[in-house]
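Q: What follows is the file model-v9.txt, containing compact mmCIF, C-alpha atoms:
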# COMPACT_ATOMS: atom_id res chain seq x y z
CA MET A 1 1.54 -55.86 -7.65
CA SER A 2 4.70 -53.75 -7.92
CA LYS A 3 3.17 -51.84 -10.86
CA ARG A 4 0.07 -50.99 -8.83
CA ARG A 5 2.19 -49.84 -5.91
CA SER A 6 4.29 -47.53 -8.11
CA ALA A 7 1.15 -46.08 -9.76
CA ALA A 8 -0.50 -45.24 -6.42
CA LEU A 9 0.90 -42.32 -4.43
CA THR A 10 2.44 -42.87 -1.01
CA GLU A 11 0.88 -41.18 2.05
CA ALA A 12 3.76 -38.67 2.22
CA GLN A 13 3.31 -37.72 -1.46
CA CYS A 14 -0.47 -37.29 -0.97
CA VAL A 15 0.04 -35.00 2.04
CA SER A 16 2.70 -32.99 0.20
CA LEU A 17 0.51 -32.62 -2.93
CA ALA A 18 -2.58 -31.70 -0.88
CA GLN A 19 -0.62 -29.02 1.02
CA LYS A 20 0.81 -27.64 -2.23
CA LEU A 21 -2.66 -27.40 -3.83
CA LEU A 22 -4.25 -25.73 -0.79
CA ARG A 23 -1.36 -23.31 -0.22
CA GLU A 24 -1.54 -22.17 -3.84
CA ARG A 25 -5.30 -21.75 -3.51
CA LEU A 26 -5.04 -19.75 -0.27
CA CYS A 27 -2.09 -17.58 -1.35
CA HIS A 28 -3.00 -16.87 -4.99
CA GLN A 29 -6.69 -16.09 -5.04
CA LYS A 30 -8.20 -16.25 -8.52
CA LEU A 31 -10.84 -13.77 -9.59
CA PRO A 32 -14.36 -15.24 -9.79
CA ASP A 33 -16.08 -15.43 -13.19
CA GLN A 34 -18.68 -12.93 -11.96
CA PRO A 35 -18.62 -10.98 -8.64
CA ALA A 36 -21.44 -12.44 -6.51
CA GLY A 37 -24.17 -10.00 -5.49
CA LEU A 38 -22.51 -6.99 -7.17
CA ASP A 39 -24.23 -7.06 -10.58
CA SER A 40 -25.40 -3.42 -10.64
CA GLN A 41 -22.03 -2.09 -9.37
CA HIS A 42 -20.17 -4.26 -11.91
CA LYS A 43 -22.35 -3.00 -14.77
CA HIS A 44 -21.98 0.66 -13.70
CA LEU A 45 -18.18 0.55 -13.36
CA LEU A 46 -17.70 -1.41 -16.59
CA GLU A 47 -19.80 1.12 -18.54
CA LEU A 48 -17.81 4.08 -17.09
CA LEU A 49 -14.41 2.57 -17.94
CA ARG A 50 -15.60 1.35 -21.36
CA ARG A 51 -16.58 4.91 -22.27
CA THR A 52 -13.05 6.05 -21.44
CA ALA A 53 -11.31 3.13 -23.18
CA VAL A 54 -13.46 3.01 -26.34
CA HIS A 55 -14.97 6.49 -26.78
CA GLY A 56 -12.20 8.59 -25.16
CA GLU A 57 -14.54 10.08 -22.52
CA SER A 58 -12.78 11.07 -19.27
CA ASN A 59 -14.31 9.95 -15.97
CA SER A 60 -13.61 9.76 -12.25
CA VAL A 61 -15.23 7.43 -9.71
CA LEU A 62 -14.76 6.28 -6.11
CA ILE A 63 -15.39 2.70 -4.94
CA VAL A 64 -16.21 2.91 -1.22
CA GLY A 65 -16.65 -0.02 1.17
CA PRO A 66 -15.23 -1.71 4.28
CA ARG A 67 -12.17 -3.97 4.06
CA GLY A 68 -13.06 -7.35 2.61
CA SER A 69 -16.23 -6.12 0.88
CA GLY A 70 -14.75 -6.89 -2.59
CA LYS A 71 -13.57 -3.50 -3.95
CA THR A 72 -10.34 -4.84 -5.49
CA MET A 73 -12.10 -8.00 -6.69
CA LEU A 74 -14.85 -5.93 -8.39
CA LEU A 75 -12.29 -3.70 -10.11
CA GLY A 76 -10.21 -6.75 -11.15
CA CYS A 77 -13.27 -8.41 -12.75
CA VAL A 78 -14.18 -5.19 -14.60
CA LEU A 79 -10.62 -4.66 -15.89
CA ARG A 80 -10.39 -8.31 -17.01
CA GLU A 81 -13.65 -7.94 -18.98
CA LEU A 82 -12.56 -4.56 -20.37
CA MET A 83 -9.15 -5.82 -21.53
CA SER A 84 -10.82 -8.73 -23.34
CA LEU A 85 -12.38 -6.25 -25.83
CA LYS A 86 -10.37 -6.07 -29.09
CA GLU A 87 -10.46 -2.26 -29.41
CA VAL A 88 -9.16 -1.91 -25.83
CA GLN A 89 -6.33 -4.49 -25.64
CA LYS A 90 -3.57 -2.57 -27.46
CA ASN A 91 -4.92 0.88 -26.76
CA VAL A 92 -5.49 1.36 -23.02
CA LEU A 93 -2.72 1.98 -20.47
CA LEU A 94 -3.17 1.07 -16.80
CA VAL A 95 -1.39 2.87 -13.95
CA GLU A 96 -1.83 1.46 -10.43
CA LEU A 97 -0.81 3.52 -7.40
CA ASN A 98 -1.18 2.72 -3.69
CA GLY A 99 -1.34 5.33 -0.92
CA LEU A 100 0.70 3.07 1.38
CA LEU A 101 3.57 2.84 -1.13
CA GLN A 102 3.52 6.18 -2.98
CA THR A 103 3.71 8.35 0.15
CA ASP A 104 4.40 11.63 -1.66
CA ASP A 105 3.87 13.14 -5.12
CA LYS A 106 7.51 12.78 -6.17
CA ILE A 107 7.45 9.00 -5.60
CA ALA A 108 4.02 8.78 -7.27
CA LEU A 109 5.28 10.63 -10.36
CA LYS A 110 8.31 8.32 -10.66
CA GLU A 111 5.96 5.32 -10.46
CA ILE A 112 3.63 6.79 -13.13
CA THR A 113 6.66 7.35 -15.41
CA ARG A 114 7.84 3.76 -14.80
CA GLN A 115 4.43 2.18 -15.45
CA LEU A 116 3.96 4.20 -18.65
CA HIS A 117 7.49 3.12 -19.80
CA LEU A 118 8.55 6.73 -20.35
CA GLU A 119 11.83 6.79 -18.39
CA ASN A 120 13.84 7.22 -21.64
CA VAL A 121 11.58 10.04 -22.87
CA VAL A 122 11.79 11.97 -19.59
CA GLY A 123 15.55 11.42 -19.21
CA ASP A 124 17.22 14.29 -17.33
CA LYS A 125 14.56 16.93 -18.14
CA VAL A 126 13.80 19.38 -15.34
CA PHE A 127 10.18 20.52 -14.92
CA GLY A 128 8.93 23.65 -13.20
CA SER A 129 5.92 21.97 -11.56
CA PHE A 130 4.10 18.69 -11.09
CA ALA A 131 1.44 19.78 -13.62
CA GLU A 132 4.10 20.40 -16.32
CA ASN A 133 5.65 16.98 -15.67
CA LEU A 134 2.28 15.17 -15.87
CA ALA A 135 1.30 17.10 -19.02
CA PHE A 136 4.61 16.09 -20.63
CA LEU A 137 4.01 12.41 -19.77
CA LEU A 138 0.50 12.46 -21.26
CA GLU A 139 1.72 14.35 -24.35
CA ALA A 140 4.34 11.63 -24.91
CA LEU A 141 1.54 9.05 -25.15
CA LYS A 142 -0.11 10.73 -28.15
CA ARG A 143 -0.20 8.67 -31.32
CA GLY A 144 0.79 9.94 -34.74
CA ASP A 145 -2.64 9.84 -36.39
CA LYS A 146 -4.92 12.81 -35.72
CA SER A 147 -2.75 13.59 -32.66
CA SER A 148 -5.12 11.46 -30.56
CA SER A 149 -4.04 10.18 -27.13
CA ARG A 150 -4.09 6.66 -25.72
CA PRO A 151 -6.62 6.38 -22.85
CA VAL A 152 -5.03 6.00 -19.40
CA LEU A 153 -6.76 4.37 -16.41
CA PHE A 154 -5.37 5.55 -13.05
CA VAL A 155 -6.25 3.24 -10.13
CA LEU A 156 -5.57 4.83 -6.72
CA ASP A 157 -5.77 2.24 -3.93
CA GLU A 158 -6.06 3.68 -0.37
CA PHE A 159 -7.35 6.87 -2.05
CA ASP A 160 -7.80 8.69 1.29
CA LEU A 161 -4.01 8.58 1.93
CA PHE A 162 -3.38 10.62 -1.26
CA ALA A 163 -5.48 13.39 0.32
CA HIS A 164 -2.72 13.80 2.95
CA HIS A 165 -0.09 14.72 0.31
CA LYS A 166 1.10 18.32 0.34
CA ASN A 167 -1.52 20.58 -1.34
CA GLN A 168 -3.13 17.40 -2.79
CA THR A 169 -1.15 18.15 -5.99
CA LEU A 170 -1.41 14.63 -7.45
CA LEU A 171 -5.19 14.41 -6.98
CA TYR A 172 -5.71 17.96 -8.27
CA ASN A 173 -3.73 17.38 -11.48
CA LEU A 174 -5.19 13.94 -12.24
CA LEU A 175 -8.77 15.14 -11.71
CA ASP A 176 -8.01 18.35 -13.63
CA VAL A 177 -6.83 16.29 -16.63
CA SER A 178 -9.96 14.12 -16.34
CA GLN A 179 -12.06 17.32 -16.62
CA SER A 180 -10.25 18.62 -19.71
CA ALA A 181 -10.86 17.35 -23.24
CA GLN A 182 -7.16 16.87 -24.12
CA THR A 183 -6.44 13.34 -22.85
CA PRO A 184 -8.91 10.51 -22.14
CA VAL A 185 -8.24 9.65 -18.50
CA ALA A 186 -10.24 7.64 -15.93
CA VAL A 187 -9.39 8.05 -12.25
CA VAL A 188 -10.67 5.19 -10.06
CA GLY A 189 -10.20 5.53 -6.29
CA LEU A 190 -10.63 2.70 -3.75
CA THR A 191 -11.18 3.62 -0.11
CA CYS A 192 -12.66 2.38 3.18
CA ARG A 193 -13.62 5.88 4.37
CA LEU A 194 -17.19 7.06 3.90
CA ASP A 195 -16.13 10.66 4.67
CA VAL A 196 -13.40 10.67 2.00
CA LEU A 197 -14.86 13.68 0.14
CA GLU A 198 -14.54 15.78 3.32
CA LEU A 199 -10.75 15.26 3.15
CA LEU A 200 -10.51 16.87 -0.31
CA GLU A 201 -9.64 20.53 -0.79
CA LYS A 202 -12.28 22.72 -2.43
CA ARG A 203 -10.38 22.98 -5.75
CA VAL A 204 -9.93 19.15 -5.86
CA LYS A 205 -13.54 18.43 -4.90
CA SER A 206 -14.85 20.76 -7.64
CA ARG A 207 -12.96 18.71 -10.27
CA PHE A 208 -14.24 15.34 -9.03
CA SER A 209 -17.34 13.91 -10.76
CA HIS A 210 -18.88 12.89 -7.36
CA ARG A 211 -19.65 9.42 -8.72
CA GLN A 212 -19.44 6.87 -5.91
CA ILE A 213 -20.01 3.11 -5.96
CA HIS A 214 -20.78 1.76 -2.48
CA LEU A 215 -20.13 -1.87 -1.51
CA PHE A 216 -21.43 -3.40 1.71
CA SER A 217 -20.70 -6.97 2.75
CA SER A 218 -23.96 -8.96 2.97
CA LEU A 219 -22.14 -12.18 3.87
CA THR A 220 -23.89 -14.41 6.44
CA PHE A 221 -22.09 -16.80 8.81
CA SER A 222 -23.45 -19.90 7.01
CA GLN A 223 -22.05 -18.54 3.69
CA TYR A 224 -18.74 -17.88 5.48
CA VAL A 225 -18.59 -21.54 6.65
CA ASP A 226 -19.42 -22.67 3.08
CA VAL A 227 -16.42 -20.64 1.86
CA VAL A 228 -14.19 -22.37 4.49
CA ARG A 229 -15.46 -25.77 3.30
CA SER A 230 -14.88 -24.98 -0.38
CA GLN A 231 -11.39 -23.53 0.28
CA LEU A 232 -10.26 -26.65 2.19
CA ARG A 233 -11.77 -29.36 -0.02
CA LEU A 234 -9.54 -31.22 -2.48
CA PRO A 235 -10.64 -31.28 -6.16
CA GLN A 236 -12.27 -34.35 -7.75
CA ASP A 237 -9.31 -34.85 -10.10
CA PHE A 238 -6.87 -35.36 -7.15
CA PRO A 239 -4.58 -38.33 -8.12
CA ASP A 240 -5.41 -40.46 -5.06
CA SER A 241 -9.21 -40.71 -4.70
CA LYS A 242 -9.05 -42.61 -1.38
CA PHE A 243 -6.92 -39.91 0.28
CA SER A 244 -9.10 -37.18 -1.31
CA ASN A 245 -12.32 -38.75 0.08
CA GLU A 246 -10.83 -39.11 3.57
CA TRP A 247 -9.58 -35.49 3.48
CA ASN A 248 -12.92 -34.07 2.29
CA HIS A 249 -14.78 -36.10 4.93
CA SER A 250 -12.46 -34.66 7.64
CA VAL A 251 -13.16 -31.12 6.30
CA THR A 252 -16.95 -31.67 6.50
CA LYS A 253 -16.57 -33.03 10.05
CA LEU A 254 -14.30 -30.10 10.98
CA CYS A 255 -16.87 -27.49 9.85
CA GLU A 256 -19.54 -29.15 12.04
CA ASP A 257 -17.39 -29.11 15.20
CA LYS A 258 -18.61 -26.70 17.92
CA SER A 259 -15.14 -25.45 18.96
CA VAL A 260 -14.23 -24.79 15.30
CA GLU A 261 -17.54 -22.98 14.83
CA GLU A 262 -16.64 -20.69 17.76
CA VAL A 263 -13.22 -19.92 16.21
CA LEU A 264 -14.80 -19.15 12.82
CA LYS A 265 -17.56 -17.05 14.44
CA ARG A 266 -14.95 -15.01 16.32
CA ASN A 267 -13.01 -14.48 13.08
CA PHE A 268 -16.20 -13.62 11.18
CA ASN A 269 -17.31 -11.07 13.80
CA SER A 270 -13.92 -9.35 13.91
CA SER A 271 -13.43 -9.19 10.12
CA LYS A 272 -15.36 -10.44 7.12
CA ASP A 273 -12.19 -9.96 5.07
CA PHE A 274 -11.30 -13.27 3.38
CA ARG A 275 -7.60 -12.43 3.58
CA SER A 276 -7.64 -12.92 7.38
CA LEU A 277 -9.57 -16.19 6.88
CA HIS A 278 -6.97 -17.40 4.36
CA SER A 279 -4.17 -16.66 6.88
CA LEU A 280 -6.01 -18.76 9.50
CA LEU A 281 -6.60 -21.69 7.11
CA PHE A 282 -3.01 -21.49 5.79
CA LEU A 283 -1.61 -22.01 9.31
CA ALA A 284 -4.01 -24.92 9.91
CA VAL A 285 -3.01 -26.63 6.63
CA SER A 286 0.70 -26.16 7.47
CA ARG A 287 0.27 -28.36 10.58
CA VAL A 288 -0.67 -31.43 8.52
CA SER A 289 2.03 -34.11 8.32
CA VAL A 290 2.47 -37.81 7.43
CA SER A 291 1.70 -38.91 11.02
CA HIS A 292 -1.30 -36.56 11.08
CA SER A 293 -2.60 -36.64 7.50
CA THR A 294 -6.04 -35.00 7.84
CA LEU A 295 -7.24 -31.73 9.35
CA CYS A 296 -8.70 -31.82 12.87
CA GLU A 297 -10.11 -29.20 15.26
CA ALA A 298 -6.77 -28.96 17.16
CA ASP A 299 -5.08 -27.61 13.98
CA LEU A 300 -7.59 -24.80 13.59
CA LEU A 301 -7.58 -23.97 17.33
CA GLU A 302 -3.76 -23.74 17.31
CA ALA A 303 -3.83 -21.60 14.15
CA SER A 304 -6.36 -19.29 15.82
CA ARG A 305 -4.16 -19.04 18.94
CA LEU A 306 -1.12 -18.11 16.84
CA ILE A 307 -3.03 -15.46 14.88
CA SER A 308 -4.65 -13.88 17.95
CA ALA A 309 -1.43 -14.03 20.02
CA ASP A 310 -0.78 -10.77 21.85
CA SER A 311 2.40 -9.29 20.35
CA LYS A 312 3.01 -7.07 23.40
CA ALA A 313 2.75 -10.06 25.74
CA ASN A 314 5.33 -11.86 23.57
CA VAL A 315 7.67 -8.85 23.88
CA LEU A 316 7.23 -8.90 27.68
CA HIS A 317 8.45 -12.50 27.84
CA GLY A 318 11.86 -11.31 26.64
CA LEU A 319 12.31 -8.53 29.23
CA SER A 320 14.76 -8.61 32.13
CA ILE A 321 13.59 -8.63 35.78
CA LEU A 322 14.77 -5.00 36.11
CA GLU A 323 12.58 -3.91 33.17
CA LEU A 324 9.58 -5.78 34.61
CA CYS A 325 10.21 -4.05 37.97
CA LEU A 326 10.11 -0.65 36.23
CA ILE A 327 6.76 -1.58 34.60
CA ILE A 328 5.35 -2.58 38.02
CA ALA A 329 6.60 0.75 39.45
CA MET A 330 4.77 2.57 36.61
CA LYS A 331 1.55 0.67 37.44
CA HIS A 332 1.87 1.72 41.10
CA LEU A 333 2.24 5.34 39.97
CA ASN A 334 -0.82 5.01 37.71
CA ASP A 335 -2.88 3.77 40.67
CA THR A 336 -1.55 6.44 43.02
CA TYR A 337 -2.16 9.36 40.64
CA ASP A 338 -5.34 8.06 38.88
CA GLY A 339 -3.76 7.40 35.50
CA GLU A 340 -1.88 10.71 35.28
CA PRO A 341 1.36 10.56 33.22
CA PHE A 342 4.67 9.95 35.00
CA ASN A 343 8.36 10.56 34.30
CA PHE A 344 11.53 8.52 34.78
CA GLN A 345 12.44 10.27 38.03
CA MET A 346 9.12 9.23 39.61
CA VAL A 347 9.61 5.62 38.41
CA HIS A 348 13.17 5.65 39.81
CA ASN A 349 11.94 6.88 43.24
CA GLU A 350 9.18 4.21 43.31
CA PHE A 351 11.69 1.48 42.45
CA LYS A 352 14.10 2.73 45.18
CA LYS A 353 11.28 2.58 47.75
CA PHE A 354 10.58 -1.04 46.79
CA ILE A 355 14.28 -2.00 47.09
CA GLN A 356 14.61 -0.32 50.52
CA ARG A 357 11.34 -1.66 51.97
CA LYS A 358 10.78 -5.15 50.63
CA SER A 359 13.31 -6.62 48.30
CA HIS A 360 16.54 -8.35 49.24
CA SER A 361 16.68 -10.41 46.05
CA ILE A 362 17.10 -7.51 43.60
CA HIS A 363 20.48 -5.89 43.06
CA LYS A 364 20.65 -2.13 43.87
CA PHE A 365 21.18 -0.81 40.36
CA GLU A 366 22.71 2.60 39.69
CA LYS A 367 20.55 5.33 38.11
CA PRO A 368 22.24 5.19 34.61
CA VAL A 369 21.47 1.43 34.45
CA LEU A 370 17.82 2.13 35.29
CA MET A 371 17.76 4.87 32.64
CA LYS A 372 19.09 2.43 30.03
CA ALA A 373 16.36 -0.11 30.94
CA PHE A 374 13.71 2.66 30.79
CA GLU A 375 14.93 3.73 27.32
CA HIS A 376 14.70 0.13 26.15
CA LEU A 377 11.02 0.04 27.21
CA LEU A 378 10.54 3.28 25.28
CA GLN A 379 12.12 1.75 22.15
CA LEU A 380 9.80 -1.27 22.45
CA GLU A 381 6.85 1.20 22.66
CA LEU A 382 5.68 -0.30 25.97
CA VAL A 383 5.78 3.27 27.26
CA ARG A 384 5.36 6.34 25.11
CA PRO A 385 5.86 10.11 25.56
CA VAL A 386 2.72 12.16 26.15
CA ASP A 387 3.85 15.14 24.06
CA ALA A 388 6.77 14.07 21.90
CA GLY A 389 9.04 16.96 21.01
CA VAL A 390 6.67 19.80 22.02
CA CYS A 391 9.23 21.34 24.36
CA LYS A 392 12.75 20.35 25.25
CA VAL A 393 12.73 18.73 28.69
CA GLN A 394 15.48 16.70 30.35
CA ARG A 395 15.01 13.01 29.54
CA GLU A 396 14.28 11.98 33.13
CA TYR A 397 11.48 14.57 33.44
CA GLN A 398 9.70 13.87 30.15
CA LEU A 399 6.10 12.75 30.79
CA MET A 400 5.21 9.16 29.77
CA ARG A 401 2.26 6.78 29.69
CA LEU A 402 2.25 2.99 30.18
CA MET A 403 0.81 1.14 27.15
CA LEU A 404 0.12 -2.21 28.87
CA GLU A 405 -2.79 -3.92 30.58
CA HIS A 406 -2.41 -5.71 33.92
CA GLY A 407 -3.18 -9.17 32.44
CA GLN A 408 -0.26 -8.91 30.02
CA VAL A 409 2.24 -8.13 32.81
CA MET A 410 0.91 -10.81 35.19
CA GLU A 411 1.11 -13.44 32.44
CA ALA A 412 4.72 -12.43 31.70
CA LEU A 413 5.62 -12.74 35.42
CA GLN A 414 3.94 -16.16 35.73
CA ARG A 415 5.92 -17.43 32.75
CA TYR A 416 9.21 -15.87 33.88
CA PRO A 417 11.64 -18.63 34.98
CA GLN A 418 12.76 -18.24 38.62
CA CYS A 419 11.05 -14.88 39.13
CA PRO A 420 11.84 -13.55 42.65
CA THR A 421 8.91 -13.93 45.09
CA ASP A 422 9.32 -10.30 46.26
CA VAL A 423 8.73 -9.05 42.71
CA LYS A 424 5.64 -11.27 42.25
CA GLN A 425 4.15 -10.01 45.53
CA TRP A 426 4.90 -6.40 44.57
CA ALA A 427 3.22 -7.00 41.21
CA LEU A 428 0.15 -8.55 42.89
CA SER A 429 -0.20 -5.45 45.09
CA ALA A 430 -0.17 -3.31 41.91
CA PHE A 431 -2.16 -5.54 39.54
CA GLY A 432 -4.35 -7.46 41.96
For the file at hand, write its structure as structure tokens.

A:
Amino acid sequence: MSKRRSAALTEAQCVSLAQKLLRERLCHQKLPDQPAGLDSQHKHLLELLRRTAVHGESNSVLIVGPRGSGKTMLLGCVLRELMSLKEVQKNVLLVELNGLLQTDDKIALKEITRQLHLENVVGDKVFGSFAENLAFLLEALKRGDKSSSRPVLFVLDEFDLFAHHKNQTLLYNLLDVSQSAQTPVAVVGLTCRLDVLELLEKRVKSRFSHRQIHLFSSLTFSQYVDVVRSQLRLPQDFPDSKFSNEWNHSVTKLCEDKSVEEVLKRNFNSSKDFRSLHSLLFLAVSRVSVSHSTLCEADLLEASRLISADSKANVLHGLSILELCLIIAMKHLNDTYDGEPFNFQMVHNEFKKFIQRKSHSIHKFEKPVLMKAFEHLLQLELVRPVDAGVCKVQREYQLMRLMLEHGQVMEALQRYPQCPTDVKQWALSAFG
């Protein structure tokens, strides 16, 4: 009996192991064996990159599609297949850049040097231009025999952001090299923007091959629910089969629940990106415990509430009564002047009127104190300047706009502990 008990896992161990398995699955997504429904795009991209890697033919291509349509996944599958070829493995170099990280050409060039392992070769050399520096890097990659170069694949994620770099120098030089016969280079751009070519300068556009691979998500809601089911199910080789069966039964039941279906439909309609789905499921899985060992609809509903929580409303819950009074004064000004911008002086006058007429529960604050509270709202981006830095105006006369909706402010006032009645009534007259 004692042997059987030691062999079987306890409830706590089962929950811990299940959570570990599902967290790993949701956080570290593995590439599929073959990208579903993207056969022609996969074949096209693989052929283009194979010609660069094997035959030394330079190419450039853009993969265009909305977020979550599988651009990165498609490229990952192609690169995995490409790198499995013997003639490619030790020959091809991969450089991955991201427009969100490499925000200018200087940073991008440092990253290219780092990924090509040429820091020692470059050393303290000073180059006259970006083109000279890039040419030097590519020259350093040439092999001894027949002075032939190693093919380099440049992957530019968020390609449209590179178009905002000064003079588009990086794009111009990379595409220029891909046009010349000196070095085999493939430039692969990933972007969500259909109008990306309109962002390119004429000299850059003329050097681009104009090859584009378009991806559009054809995912249906029933397929989306199937993905949820498969992501949450425990594998057949789970150590405790009884716990595994109970868990998988709860997952099937969960996916059939009407309230869960509404949550998933809302998520599906806002974004078909699986990353947002994984975030939702991760939060639901994190709520499982020993006392509550299977998933239920309450877990998913709570996870959905946390994900869709209004960040501005959360900021409002931490404001002082004075700061809330200033926001109410701004709303009164918006109503009075039909949404026209206001300045601090107008807000100050409105607040003074309220103090004189109605409120005996609010302290009569001095103007510098009000200014400090107003600046805090500005820092929190609950108000913002209309024309930041266009002309130098005294702080109290700079025009502002309120960036809040009435529901957010009313909710904050309802939740505020011991909020003065005068302030609530004043708010109702503004937000009612």

Q: Excluding same-chain residues fewer than 3 positions from Leu9 (chain A), what lies within 7 Å of it counting only C-alpha atoms, as a list in words?

A: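 With the cut-off at 7 Å, the set is Gln13, Cys14 and Asp240 of chain A.
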
Q: Restricting the calculation to all atoms listed in the file, which member of A:Lys253, A:Gln168, A:Ile307, A:Asp33 is positioned closest to Phe282 (chain A)?

A: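 Closest residue, counting all atoms listed in the file: A:Ile307.
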
Q: Skipping near chain neighbours, those fewer than 6 positions away, what residues fall within 10 Å of region 23-30 of chain A using only C-alpha atoms, listed as a list in words?

A: Leu17, Met73, Gln231, Leu232, Phe274, Arg275, Leu277, His278, Ser279, Leu280, Leu281, Phe282, Leu283, Val285 and Ser286 of chain A

Q: Please, what distance in Å, to one decimal, runs between CA of Lys43 (chain A) and CA of Val78 (chain A)?

A: 8.5 Å

Q: Contacts of Ser60 (chain A) at 9 Å or less, counting all atoms listed in the file, minus same-chain residues fewer than 2 places along, as an MDAnalysis selection string?

A: chainID A and resid 48 58 62 175 178:179 185:189 208:211

Q: Output the selection as an mmCIF file, in the frame of the given file - C-alpha atoms for each residue.

A:
data_model
loop_
_atom_site.group_PDB
_atom_site.id
_atom_site.type_symbol
_atom_site.label_atom_id
_atom_site.label_comp_id
_atom_site.auth_asym_id
_atom_site.auth_seq_id
_atom_site.Cartn_x
_atom_site.Cartn_y
_atom_site.Cartn_z
ATOM 1 C CA LEU A 48 -17.810 4.080 -17.090
ATOM 2 C CA SER A 58 -12.780 11.070 -19.270
ATOM 3 C CA LEU A 62 -14.760 6.280 -6.110
ATOM 4 C CA LEU A 175 -8.770 15.140 -11.710
ATOM 5 C CA SER A 178 -9.960 14.120 -16.340
ATOM 6 C CA GLN A 179 -12.060 17.320 -16.620
ATOM 7 C CA VAL A 185 -8.240 9.650 -18.500
ATOM 8 C CA ALA A 186 -10.240 7.640 -15.930
ATOM 9 C CA VAL A 187 -9.390 8.050 -12.250
ATOM 10 C CA VAL A 188 -10.670 5.190 -10.060
ATOM 11 C CA GLY A 189 -10.200 5.530 -6.290
ATOM 12 C CA PHE A 208 -14.240 15.340 -9.030
ATOM 13 C CA SER A 209 -17.340 13.910 -10.760
ATOM 14 C CA HIS A 210 -18.880 12.890 -7.360
ATOM 15 C CA ARG A 211 -19.650 9.420 -8.720
#
